[in-house]
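Structure file work_34.csv with CSV, C-alpha atoms and all ligand atoms:
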```
chain,number,residue,atom,x,y,z
I,1,MET,CA,-119.1,186.7,-46.2
I,2,ASN,CA,-118.9,190.4,-46.0
I,3,ILE,CA,-121.3,191.7,-43.3
I,4,LYS,CA,-121.3,195.1,-41.5
I,5,PRO,CA,-120.7,195.2,-37.7
I,6,PHE,CA,-124.0,195.1,-35.8
I,7,LYS,CA,-124.2,198.6,-34.3
I,8,LEU,CA,-126.7,197.8,-31.6
I,9,GLU,CA,-125.1,194.6,-30.4
I,10,ARG,CA,-121.6,196.3,-30.5
I,11,TYR,CA,-123.1,199.1,-28.3
I,12,TYR,CA,-124.5,196.6,-25.8
I,13,THR,CA,-121.4,194.5,-25.7
I,14,ILE,CA,-119.4,197.6,-24.7
I,15,HIS,CA,-121.9,199.2,-22.2
I,16,GLU,CA,-124.5,196.7,-21.0
I,17,PHE,CA,-122.7,195.2,-18.1
I,18,SER,CA,-120.7,198.3,-17.0
I,19,ALA,CA,-123.6,200.9,-16.7
I,20,LYS,CA,-125.1,201.0,-13.3
I,21,TYR,CA,-128.6,201.6,-14.5
I,22,SER,CA,-130.3,200.8,-17.8
I,23,LEU,CA,-133.3,202.5,-19.2
I,24,CYS,CA,-133.2,200.9,-22.6
I,25,ASN,CA,-133.5,197.1,-22.5
I,26,SER,CA,-135.9,195.3,-24.7
I,27,ASP,CA,-136.4,192.2,-22.6
I,28,CYS,CA,-138.8,191.7,-19.7
I,29,GLU,CA,-137.5,191.0,-16.2
I,30,ALA,CA,-135.7,187.6,-16.1
I,31,MET,CA,-136.0,185.0,-13.4
I,32,THR,CA,-133.8,182.3,-11.8
I,33,ILE,CA,-133.9,178.6,-12.9
I,34,LYS,CA,-135.3,177.9,-9.4
I,35,GLU,CA,-138.2,180.3,-9.9
I,36,LEU,CA,-138.9,179.0,-13.3
I,37,LEU,CA,-138.9,175.3,-12.2
I,38,SER,CA,-141.1,176.2,-9.3
I,39,LEU,CA,-143.9,177.0,-11.8
I,40,GLU,CA,-144.5,173.3,-12.3
I,41,LYS,CA,-144.7,170.4,-9.8
I,42,GLY,CA,-142.0,167.8,-10.5
I,43,ALA,CA,-140.0,170.0,-12.9
I,44,THR,CA,-137.0,170.4,-10.6
I,45,ASP,CA,-136.5,166.6,-10.4
I,46,LYS,CA,-136.9,166.1,-14.1
I,47,PHE,CA,-134.4,168.9,-14.8
I,48,HIS,CA,-131.8,167.3,-12.5
I,49,ASN,CA,-132.3,164.0,-14.4
I,50,LEU,CA,-132.1,165.4,-17.8
I,51,TRP,CA,-129.8,163.5,-20.2
I,52,LEU,CA,-127.1,165.7,-21.7
I,53,GLY,CA,-126.8,164.1,-25.1
I,54,TYR,CA,-127.3,165.8,-28.5
I,55,THR,CA,-130.9,166.9,-29.1
I,56,GLU,CA,-133.0,166.8,-32.2
I,57,THR,CA,-132.0,169.4,-34.9
I,58,LYS,CA,-135.6,170.7,-35.3
I,59,GLY,CA,-136.1,170.9,-31.5
I,60,HIS,CA,-137.6,168.5,-29.0
I,61,PRO,CA,-141.1,167.4,-30.2
I,62,ARG,CA,-142.6,168.4,-26.8
I,63,LEU,CA,-141.1,171.9,-27.1
I,64,ARG,CA,-142.3,172.3,-30.7
I,65,LYS,CA,-145.8,171.3,-29.6
I,66,GLU,CA,-145.7,173.9,-26.8
I,67,ILE,CA,-144.5,176.5,-29.3
I,68,SER,CA,-147.3,175.6,-31.8
I,69,ASN,CA,-149.9,176.2,-29.0
I,70,ILE,CA,-149.1,179.9,-29.4
I,71,TYR,CA,-150.4,179.8,-32.9
I,72,THR,CA,-153.8,178.9,-34.4
I,73,LYS,CA,-152.9,177.2,-37.7
I,74,VAL,CA,-149.2,176.5,-37.2
I,75,THR,CA,-148.5,172.9,-36.1
I,76,SER,CA,-145.4,171.5,-34.4
I,77,GLU,CA,-144.3,170.2,-37.9
I,78,ASP,CA,-144.1,173.9,-39.0
I,79,VAL,CA,-141.7,174.9,-36.2
I,80,LEU,CA,-137.9,174.8,-36.1
I,81,VAL,CA,-136.3,175.6,-32.8
I,82,CYS,CA,-133.2,177.8,-33.0
I,83,THR,CA,-130.7,179.7,-30.9
I,84,GLY,CA,-132.4,183.0,-29.9
I,85,ALA,CA,-134.1,185.0,-32.6
I,86,GLN,CA,-130.8,186.1,-34.2
I,87,GLU,CA,-130.2,182.6,-35.6
I,88,PRO,CA,-133.5,182.2,-37.4
I,89,ILE,CA,-133.1,185.7,-38.9
I,90,PHE,CA,-129.7,184.8,-40.1
I,91,LEU,CA,-130.7,181.3,-41.4
I,92,PHE,CA,-133.9,182.4,-43.1
I,93,SER,CA,-132.0,184.9,-45.2
I,94,GLN,CA,-129.1,182.6,-45.9
I,95,ALA,CA,-131.3,179.6,-46.8
I,96,ASN,CA,-134.1,181.3,-48.8
I,97,LEU,CA,-132.6,184.3,-50.6
I,98,LYS,CA,-130.2,184.7,-53.5
I,99,SER,CA,-128.1,187.6,-54.6
I,100,GLN,CA,-130.1,189.9,-56.9
I,101,ASP,CA,-133.4,189.1,-55.0
I,102,GLU,CA,-135.1,192.3,-54.0
I,103,ILE,CA,-136.4,192.6,-50.5
I,104,ILE,CA,-138.4,195.3,-48.7
I,105,VAL,CA,-137.6,196.0,-45.1
I,106,GLN,CA,-139.6,198.0,-42.6
I,107,SER,CA,-137.2,200.6,-41.3
I,108,PRO,CA,-135.6,201.5,-39.0
I,109,CYS,CA,-135.1,198.0,-37.8
I,110,TYR,CA,-133.1,195.5,-35.8
I,111,GLN,CA,-130.0,195.5,-38.0
I,112,SER,CA,-129.8,191.9,-38.9
I,113,LEU,CA,-133.1,192.2,-40.7
I,114,HIS,CA,-131.4,194.2,-43.4
I,115,SER,CA,-127.6,193.5,-43.0
I,116,VAL,CA,-127.9,189.8,-43.5
I,117,PRO,CA,-129.8,190.0,-46.8
I,118,GLU,CA,-127.5,192.8,-47.8
I,119,SER,CA,-124.5,190.5,-47.2
I,120,ILE,CA,-126.0,188.0,-49.6
I,121,GLY,CA,-126.1,190.6,-52.3
I,122,CYS,CA,-129.9,191.3,-52.2
I,123,LYS,CA,-131.2,194.7,-53.2
I,124,ILE,CA,-132.7,196.3,-50.2
I,125,GLN,CA,-135.6,198.7,-50.3
I,126,LYS,CA,-136.4,200.4,-47.0
I,127,TRP,CA,-140.1,201.0,-46.1
I,128,ASN,CA,-139.4,203.9,-43.9
I,129,VAL,CA,-141.4,205.1,-40.8
I,130,LYS,CA,-143.2,208.4,-41.2
I,131,TYR,CA,-144.0,210.4,-38.1
I,132,VAL,CA,-147.5,212.0,-38.4
I,133,ASN,CA,-148.2,214.2,-35.4
I,134,ASN,CA,-145.5,212.4,-33.5
I,135,ILE,CA,-147.2,209.0,-34.2
I,136,PRO,CA,-145.1,206.4,-36.2
I,137,THR,CA,-146.9,205.2,-39.3
I,138,PHE,CA,-146.1,203.0,-42.3
I,139,ASP,CA,-147.7,204.0,-45.6
I,140,LEU,CA,-149.4,201.0,-47.3
I,141,GLU,CA,-149.7,202.8,-50.6
I,142,GLU,CA,-145.9,203.4,-50.5
I,143,LEU,CA,-145.4,199.6,-49.8
I,144,LYS,CA,-147.6,198.7,-52.9
I,145,LYS,CA,-145.5,201.0,-55.1
I,146,MET,CA,-142.2,199.4,-53.8
I,147,VAL,CA,-143.1,195.9,-55.0
I,148,THR,CA,-141.5,194.8,-58.3
I,149,SER,CA,-141.4,191.5,-60.1
I,150,LYS,CA,-138.2,190.7,-58.4
I,151,THR,CA,-139.5,191.2,-54.8
I,152,LYS,CA,-138.8,188.0,-52.9
I,153,ALA,CA,-139.7,189.0,-49.4
I,154,ILE,CA,-141.1,191.7,-47.2
I,155,TYR,CA,-139.3,191.9,-43.8
I,156,LEU,CA,-141.5,193.2,-40.9
I,157,ASN,CA,-141.2,193.5,-37.2
I,158,THR,CA,-144.3,194.0,-35.1
I,159,PRO,CA,-144.5,195.2,-32.3
I,160,HIS,CA,-141.7,197.3,-33.7
I,161,ASN,CA,-138.2,197.8,-32.5
I,162,PRO,CA,-137.4,200.7,-32.0
I,163,THR,CA,-140.6,202.9,-32.5
I,164,GLY,CA,-143.0,200.8,-30.5
I,165,PHE,CA,-145.4,200.9,-33.5
I,166,HIS,CA,-147.7,197.9,-33.9
I,167,PHE,CA,-149.8,197.0,-37.0
I,168,SER,CA,-153.6,196.9,-36.7
I,169,LYS,CA,-155.5,193.9,-38.0
I,170,GLU,CA,-156.6,195.9,-41.0
I,171,GLU,CA,-153.1,197.0,-41.9
I,172,GLN,CA,-151.9,193.4,-41.5
I,173,LEU,CA,-154.6,192.1,-43.8
I,174,ALA,CA,-153.7,194.7,-46.4
I,175,ILE,CA,-150.0,193.7,-46.3
I,176,VAL,CA,-150.9,190.1,-46.7
I,177,GLU,CA,-153.1,191.0,-49.7
I,178,ILE,CA,-150.2,192.8,-51.4
I,179,ALA,CA,-147.9,189.9,-50.7
I,180,ARG,CA,-150.3,187.3,-51.9
I,181,THR,CA,-151.1,189.1,-55.1
I,182,HIS,CA,-147.4,189.1,-56.0
I,183,ASN,CA,-146.4,185.7,-54.4
I,184,ILE,CA,-144.0,187.3,-51.9
I,185,ILE,CA,-142.9,185.8,-48.6
I,186,ILE,CA,-143.7,187.8,-45.5
I,187,PHE,CA,-141.0,187.4,-42.9
I,188,CYS,CA,-142.1,188.8,-39.6
I,189,ASP,CA,-140.0,189.2,-36.5
I,190,GLU,CA,-142.6,188.8,-33.8
I,191,VAL,CA,-140.3,188.7,-30.7
I,192,TYR,CA,-142.5,191.2,-28.8
I,193,ARG,CA,-145.8,189.4,-29.6
I,194,GLU,CA,-148.1,188.5,-26.7
I,195,LEU,CA,-147.0,191.7,-24.9
I,196,GLU,CA,-149.9,193.7,-26.2
I,197,HIS,CA,-150.9,196.2,-23.4
I,198,LYS,CA,-154.6,195.3,-23.9
I,199,SER,CA,-155.9,192.2,-25.5
I,200,GLU,CA,-157.7,194.2,-28.2
I,201,TYR,CA,-154.3,195.1,-29.7
I,202,THR,CA,-153.4,191.5,-30.4
I,203,ILE,CA,-153.1,190.6,-34.1
I,204,PRO,CA,-152.6,187.1,-35.6
I,205,ALA,CA,-149.1,185.8,-36.3
I,206,PHE,CA,-148.2,186.2,-40.0
I,207,ALA,CA,-147.5,182.4,-40.2
I,208,ASP,CA,-151.1,181.8,-39.2
I,209,ILE,CA,-152.8,184.1,-41.6
I,210,TYR,CA,-150.6,183.7,-44.7
I,211,GLU,CA,-149.5,180.5,-46.4
I,212,ASN,CA,-146.2,182.2,-47.3
I,213,GLY,CA,-145.9,183.9,-43.9
I,214,VAL,CA,-142.9,183.3,-41.6
I,215,SER,CA,-143.0,184.2,-37.9
I,216,VAL,CA,-140.0,184.4,-35.6
I,217,GLY,CA,-140.5,184.1,-31.9
I,218,VAL,CA,-138.2,183.9,-28.9
I,219,MET,CA,-138.1,183.3,-25.1
I,220,SER,CA,-135.9,186.4,-24.7
I,221,LYS,CA,-138.3,189.3,-24.8
I,222,THR,CA,-142.0,188.9,-23.9
I,223,TYR,CA,-141.1,185.9,-21.6
I,224,GLY,CA,-138.0,187.5,-20.1
I,225,LEU,CA,-135.7,184.5,-20.5
I,226,PRO,CA,-132.9,185.6,-22.9
I,227,GLY,CA,-130.3,183.4,-21.1
I,228,LEU,CA,-132.0,180.3,-22.5
I,229,ARG,CA,-131.1,181.4,-26.0
I,230,ILE,CA,-134.2,179.6,-27.3
I,231,GLY,CA,-136.1,181.0,-30.3
I,232,TRP,CA,-137.9,179.6,-33.3
I,233,ILE,CA,-139.1,180.1,-36.8
I,234,ALA,CA,-142.6,179.0,-37.9
I,235,SER,CA,-144.1,178.7,-41.4
I,236,ARG,CA,-146.8,176.6,-43.0
I,237,ASN,CA,-144.6,176.7,-46.2
I,238,SER,CA,-142.6,173.5,-45.4
I,239,LYS,CA,-140.0,174.2,-48.1
I,240,ILE,CA,-138.9,177.4,-46.3
I,241,ILE,CA,-138.5,175.6,-43.0
I,242,GLU,CA,-136.7,172.6,-44.6
I,243,ASN,CA,-134.2,175.0,-46.3
I,244,ILE,CA,-133.4,176.5,-42.9
I,245,ALA,CA,-133.1,173.2,-41.1
I,246,ILE,CA,-130.5,172.0,-43.6
I,247,PHE,CA,-128.6,175.3,-43.2
I,248,LYS,CA,-128.8,175.0,-39.4
I,249,GLU,CA,-126.6,171.9,-39.6
I,250,TYR,CA,-123.8,174.3,-40.4
I,251,THR,CA,-124.4,176.7,-37.5
I,252,THR,CA,-125.6,175.2,-34.2
I,253,ILE,CA,-126.8,171.7,-35.3
I,254,CYS,CA,-129.1,171.5,-32.4
I,255,ASN,CA,-130.1,173.4,-29.3
I,256,ALA,CA,-128.9,173.2,-25.7
I,257,GLY,CA,-131.0,170.4,-24.0
I,258,PRO,CA,-131.3,172.2,-20.6
I,259,SER,CA,-132.5,175.3,-22.3
I,260,GLU,CA,-135.1,173.4,-24.4
I,261,PHE,CA,-136.4,171.7,-21.2
I,262,LEU,CA,-136.7,175.1,-19.4
I,263,ALA,CA,-138.3,176.7,-22.4
I,264,GLU,CA,-140.9,174.0,-22.5
I,265,VAL,CA,-141.7,174.5,-18.7
I,266,ALA,CA,-141.9,178.3,-19.3
I,267,LEU,CA,-144.3,177.9,-22.3
I,268,ARG,CA,-146.5,175.4,-20.5
I,269,ASN,CA,-146.9,178.1,-17.9
I,270,ARG,CA,-146.8,181.0,-20.2
I,271,ASN,CA,-150.0,182.6,-19.0
I,272,LYS,CA,-148.5,183.1,-15.5
I,273,ILE,CA,-145.3,184.5,-17.0
I,274,LEU,CA,-147.2,186.8,-19.3
I,275,GLU,CA,-149.3,188.1,-16.4
I,276,ARG,CA,-146.2,188.8,-14.4
I,277,ASN,CA,-144.4,190.6,-17.2
I,278,LEU,CA,-147.5,192.6,-18.3
I,279,ASN,CA,-147.9,193.8,-14.7
I,280,ILE,CA,-144.3,195.1,-14.7
I,281,VAL,CA,-145.1,197.0,-17.9
I,282,HIS,CA,-148.3,198.4,-16.5
I,283,GLU,CA,-146.4,199.5,-13.3
I,284,ASN,CA,-143.7,201.2,-15.3
I,285,LEU,CA,-145.7,203.0,-18.0
I,286,PRO,CA,-147.3,205.6,-15.7
I,287,LEU,CA,-143.9,206.6,-14.4
I,288,PHE,CA,-142.9,207.5,-18.0
I,289,ASP,CA,-146.3,209.2,-18.5
I,290,ARG,CA,-145.5,211.4,-15.5
I,291,PHE,CA,-141.9,212.0,-16.6
I,292,PHE,CA,-142.8,213.0,-20.2
I,293,GLU,CA,-145.6,215.2,-18.9
I,294,THR,CA,-143.2,217.0,-16.5
I,295,TYR,CA,-140.5,217.4,-19.2
I,296,GLN,CA,-142.7,218.0,-22.2
I,297,ASP,CA,-140.5,220.9,-23.3
I,298,LEU,CA,-137.5,218.6,-23.6
I,299,PHE,CA,-138.9,215.3,-24.8
I,300,SER,CA,-141.9,213.7,-26.6
I,301,TRP,CA,-142.7,210.1,-26.9
I,302,TYR,CA,-145.0,207.8,-28.7
I,303,LYS,CA,-146.6,205.6,-26.1
I,304,PRO,CA,-146.9,202.2,-27.6
I,305,ASN,CA,-149.9,199.8,-27.3
I,306,ALA,CA,-147.7,196.7,-27.4
I,307,GLY,CA,-144.2,195.6,-26.5
I,308,PRO,CA,-141.6,196.7,-23.9
I,309,ILE,CA,-139.9,199.6,-25.8
I,310,ALA,CA,-140.6,203.1,-27.0
I,311,PHE,CA,-138.8,205.8,-28.9
I,312,VAL,CA,-138.3,209.3,-27.4
I,313,LYS,CA,-137.7,212.4,-29.4
I,314,MET,CA,-135.4,215.1,-28.1
I,315,LYS,CA,-136.7,218.6,-28.6
I,316,PHE,CA,-133.4,220.3,-27.8
I,317,ASP,CA,-130.4,220.7,-30.0
I,318,THR,CA,-128.1,217.7,-29.4
I,319,GLU,CA,-126.5,214.8,-31.2
I,320,ASP,CA,-128.1,211.6,-29.9
I,321,MET,CA,-124.9,209.6,-29.5
I,322,ASN,CA,-123.2,212.4,-27.6
I,323,PHE,CA,-126.2,212.8,-25.4
I,324,ALA,CA,-126.3,209.1,-24.5
I,325,GLN,CA,-122.6,209.1,-23.8
I,326,THR,CA,-122.9,212.2,-21.5
I,327,VAL,CA,-125.8,210.6,-19.6
I,328,LEU,CA,-123.8,207.4,-19.2
I,329,HIS,CA,-120.7,209.2,-18.1
I,330,LYS,CA,-122.3,211.6,-15.6
I,331,GLN,CA,-125.1,209.3,-14.2
I,332,SER,CA,-124.2,205.8,-15.3
I,333,VAL,CA,-127.6,205.5,-17.0
I,334,LEU,CA,-127.7,203.6,-20.3
I,335,LEU,CA,-129.9,204.9,-23.1
I,336,LEU,CA,-129.9,203.6,-26.7
I,337,PRO,CA,-129.3,206.5,-29.1
I,338,SER,CA,-131.1,206.4,-32.4
I,339,SER,CA,-128.0,206.8,-34.6
I,340,ILE,CA,-127.6,203.0,-33.8
I,341,TYR,CA,-130.6,202.7,-36.2
I,342,ASP,CA,-129.2,205.3,-38.6
I,343,LEU,CA,-131.8,207.9,-37.4
I,344,GLN,CA,-131.0,211.1,-35.7
I,345,GLY,CA,-132.6,212.8,-32.6
I,346,TYR,CA,-134.2,210.0,-30.6
I,347,PHE,CA,-133.3,207.4,-28.0
I,348,ARG,CA,-135.0,204.1,-27.2
I,349,ILE,CA,-136.3,203.3,-23.7
I,350,GLY,CA,-137.5,200.0,-22.3
I,351,PHE,CA,-140.1,199.4,-19.6
I,352,GLY,CA,-140.2,195.6,-19.1
I,353,ARG,CA,-137.9,195.4,-16.1
I,354,THR,CA,-138.4,196.0,-12.3
I,355,THR,CA,-135.2,198.1,-12.2
I,356,ILE,CA,-136.9,200.9,-14.3
I,357,PRO,CA,-138.1,203.1,-11.5
I,358,GLU,CA,-134.6,203.5,-10.1
I,359,ALA,CA,-133.1,204.0,-13.5
I,360,LEU,CA,-135.7,206.7,-14.4
I,361,LYS,CA,-135.0,208.4,-11.1
I,362,GLN,CA,-131.3,208.6,-11.9
I,363,PHE,CA,-132.1,209.9,-15.5
I,364,GLU,CA,-134.3,212.6,-13.9
I,365,VAL,CA,-131.4,213.7,-11.7
I,366,PHE,CA,-129.4,214.1,-14.9
I,367,VAL,CA,-132.2,216.1,-16.6
I,368,ILE,CA,-132.6,218.4,-13.6
I,369,GLN,CA,-128.9,219.0,-13.2
I,370,ASN,CA,-128.0,219.4,-16.9
I,371,LEU,CA,-131.0,220.2,-19.1
I,372,LEU,CA,-133.2,222.5,-17.0
I,373,LYS,CA,-132.3,226.2,-17.3
I,374,ALA,CA,-131.7,227.9,-13.9
K,401,LIG,C1,-136.6,192.9,-33.1
K,401,LIG,C2,-135.6,191.9,-32.6
K,401,LIG,N1,-135.3,190.8,-33.2
K,401,LIG,C3,-134.4,189.9,-32.8
K,401,LIG,C4,-133.7,190.1,-31.7
K,401,LIG,C5,-132.7,189.1,-31.2
K,401,LIG,O1,-133.2,188.3,-30.2
K,401,LIG,P1,-132.2,187.3,-29.4
K,401,LIG,O2,-131.3,188.1,-28.6
K,401,LIG,O3,-133.2,186.5,-28.5
K,401,LIG,O4,-131.5,186.5,-30.4
K,401,LIG,C6,-133.9,191.3,-31.0
K,401,LIG,C7,-133.1,191.6,-29.8
K,401,LIG,O5,-133.0,192.7,-29.3
K,401,LIG,C8,-134.9,192.2,-31.4
K,401,LIG,O6,-135.1,193.4,-30.8
```
How does this structure look as structure tokens?
Amino acid sequence: MNIKPFKLERYYTIHEFSAKYSLCNSDCEAMTIKELLSLEKGATDKFHNLWLGYTETKGHPRLRKEISNIYTKVTSEDVLVCTGAQEPIFLFSQANLKSQDEIIVQSPCYQSLHSVPESIGCKIQKWNVKYVNNIPTFDLEELKKMVTSKTKAIYLNTPHNPTGFHFSKEEQLAIVEIARTHNIIIFCDEVYRELEHKSEYTIPAFADIYENGVSVGVMSKTYGLPGLRIGWIASRNSKIIENIAIFKEYTTICNAGPSEFLAEVALRNRNKILERNLNIVHENLPLFDRFFETYQDLFSWYKPNAGPIAFVKMKFDTEDMNFAQTVLHKQSVLLLPSSIYDLQGYFRIGFGRTTIPEALKQFEVFVIQNLLKA
């Protein structure tokens, strides 16, 4: 297998645990096992008595049931539990695509969404973001024109990493219509779903509204539990899920039992966790509003209506990787430069963690000392 290094994950591997402050994480604030277990009476005792044998390849039936409760039409039979979201992205492509298949990928994107199909030999067409008056948009007419008789799948991610863009219900239906007309699979990475800043921005999961829709979810982002390494893939097309389940026997076989148990507790109590994490987002967003208002000559941002991340445009002459390295070196604040996504002139910020106010304060110190003219 010939696959390119994952630029974003390489960057985090090098910097994530040495930077003193981080302004760019895409996960919400984590919690301890003790805090998580305290959400449910009797959970601590059950956790201590958990049997550490192998678990079911598809995931524990109770966990699959809890996951299916997030959806309207998807049932537990349609769900395969995996390791994080990275494993289902990898497995879906490996198990369901062949070399010479054409795929369309919303771009820029989390790299595995295009690098894994590329490594199989698929022809990749990028459906690129267009900024109109500083607002990220994806042109549906352009998408229609990209479809050919060989198009096997459209890869989407909404709410979108890195731009913060989120499809409207109308856009979503239009994409499903295009896919249905040409019998194309829609593979949607929905790891930031359920973190819509207002309920009116919620759209259905692609696996619920399209018979050939595939939805990927995870405990890492919206729920703030990346250490569990529990994610899933859901589709009402049973062939797609079965192909992946067979392939999974070559990667992880089954999931970590303690993680499955803890994910089940978290999902049974997901409304409490969602409320907690949305509160953090709503406390952090006004700080960025104030910051970008104060420094509007230097930066502009698209304030998203969903998810924990946003993309910031730099209005001064700089190279984004150099800029991020300078900020890291001088103030120990981690930013995610856009060249990680093969795009110039932006950096990604995150606002799902309680440590954001201090990290933003430190970044402001850098801005005042280095970017403001005397
Ligand atoms: C859009 C997207 N998909 C998938 C992943 C991978 O998630 P996990 O780390 O839970 O495997 C990430 C992580 O940053 C992501 O942003």
Hey, can you pull every residue with an atom no more than 6 Å from (-139.2, 192.1, -49.1), using only C-alpha atoms, and send it as a PDB file with C-alpha atoms, keeping the file's coordinate frame?
```pdb
ATOM      1  CA  ILE I 103    -136.400 192.600 -50.500  1.00  0.00           C
ATOM      2  CA  ILE I 104    -138.400 195.300 -48.700  1.00  0.00           C
ATOM      3  CA  VAL I 105    -137.600 196.000 -45.100  1.00  0.00           C
ATOM      4  CA  THR I 151    -139.500 191.200 -54.800  1.00  0.00           C
ATOM      5  CA  LYS I 152    -138.800 188.000 -52.900  1.00  0.00           C
ATOM      6  CA  ALA I 153    -139.700 189.000 -49.400  1.00  0.00           C
ATOM      7  CA  ILE I 154    -141.100 191.700 -47.200  1.00  0.00           C
ATOM      8  CA  TYR I 155    -139.300 191.900 -43.800  1.00  0.00           C
TER       9      TYR I 155
END
```
Around ligand LIG 401 (chain K), out to 9 Å and counting only C-alpha atoms and all ligand atoms, which residues are there? I want them as a short mmCIF file (atom, residue, chain, number, x, y, z; two decimals) with C-alpha atoms, in the frame of the given file.
```
data_model
loop_
_atom_site.label_atom_id
_atom_site.label_comp_id
_atom_site.auth_asym_id
_atom_site.auth_seq_id
_atom_site.Cartn_x
_atom_site.Cartn_y
_atom_site.Cartn_z
CA LEU I 8 -126.70 197.80 -31.60
CA GLU I 9 -125.10 194.60 -30.40
CA ASN I 25 -133.50 197.10 -22.50
CA SER I 26 -135.90 195.30 -24.70
CA ASP I 27 -136.40 192.20 -22.60
CA THR I 83 -130.70 179.70 -30.90
CA GLY I 84 -132.40 183.00 -29.90
CA ALA I 85 -134.10 185.00 -32.60
CA GLN I 86 -130.80 186.10 -34.20
CA GLU I 87 -130.20 182.60 -35.60
CA PRO I 88 -133.50 182.20 -37.40
CA ILE I 89 -133.10 185.70 -38.90
CA CYS I 109 -135.10 198.00 -37.80
CA TYR I 110 -133.10 195.50 -35.80
CA GLN I 111 -130.00 195.50 -38.00
CA SER I 112 -129.80 191.90 -38.90
CA LEU I 113 -133.10 192.20 -40.70
CA ASN I 157 -141.20 193.50 -37.20
CA THR I 158 -144.30 194.00 -35.10
CA PRO I 159 -144.50 195.20 -32.30
CA HIS I 160 -141.70 197.30 -33.70
CA ASN I 161 -138.20 197.80 -32.50
CA PRO I 162 -137.40 200.70 -32.00
CA ASP I 189 -140.00 189.20 -36.50
CA GLU I 190 -142.60 188.80 -33.80
CA VAL I 191 -140.30 188.70 -30.70
CA TYR I 192 -142.50 191.20 -28.80
CA VAL I 216 -140.00 184.40 -35.60
CA GLY I 217 -140.50 184.10 -31.90
CA VAL I 218 -138.20 183.90 -28.90
CA MET I 219 -138.10 183.30 -25.10
CA SER I 220 -135.90 186.40 -24.70
CA LYS I 221 -138.30 189.30 -24.80
CA LEU I 225 -135.70 184.50 -20.50
CA PRO I 226 -132.90 185.60 -22.90
CA GLY I 227 -130.30 183.40 -21.10
CA LEU I 228 -132.00 180.30 -22.50
CA ARG I 229 -131.10 181.40 -26.00
CA ILE I 230 -134.20 179.60 -27.30
CA GLY I 231 -136.10 181.00 -30.30
#
```
Separating atom CA of Glu16 of chain I from atom CA of Lys313 of chain I, to the nearest tenth of an Å, is a gap of 22.2 Å
Within 9 Å of Ile203 of chain I, counting only C-alpha atoms, which residues qualify if same-chain residues fewer than 6 places away don't, as a PDB file with C-alpha atoms, keeping the file's coordinate frame?
```pdb
ATOM      1  CA  PHE I 167    -149.800 197.000 -37.000  1.00  0.00           C
ATOM      2  CA  SER I 168    -153.600 196.900 -36.700  1.00  0.00           C
ATOM      3  CA  LYS I 169    -155.500 193.900 -38.000  1.00  0.00           C
ATOM      4  CA  GLN I 172    -151.900 193.400 -41.500  1.00  0.00           C
ATOM      5  CA  ARG I 193    -145.800 189.400 -29.600  1.00  0.00           C
TER       6      ARG I 193
END
```
Would you mind telling me which residue in I:Lys73, I:Lys239, I:His197, I:Arg276 lies nearest to Asn96 of chain I when using only C-alpha atoms?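 Going through I:Lys73, I:Lys239, I:His197, I:Arg276 one by one, the smallest distance to Asn96 of chain I is for I:Lys239.
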Quick one: of I:Tyr210, I:Tyr295, I:Phe363, I:Phe311, who's nearest to Tyr21 of chain I, counting only C-alpha atoms? I:Phe363
Given all atoms listed in the file as the counted atoms, nearest of I:Ile70, I:Val147, I:Ile349, I:Leu343 to Trp301 of chain I: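 That would be I:Ile349, the residue with the smallest distance to Trp301 of chain I.
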Taken to one decimal, the atom CA of Tyr11 of chain I-atom CA of Ile356 of chain I distance is 19.7 Å
Which one of I:Thr326, I:Gln100, I:Asn370, I:Asn255 sits closest to Gly59 of chain I if you count only C-alpha atoms?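 That would be I:Asn255, the residue with the smallest distance to Gly59 of chain I.
Residue nearest Ile184 of chain I, chosen from I:Ala245, I:Ile340, I:Ile120, I:Leu97 and counting only C-alpha atoms: I:Leu97.
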Select, counting all atoms listed in the file, all protein, DNA and RNA residues no farther than 9 Å from (-139.3, 218.5, -21.2) in file coordinates, and express the selection as JSON, numbers by chain. {"I": [291, 292, 293, 294, 295, 296, 297, 298, 299, 300, 314, 315, 367, 371, 372]}
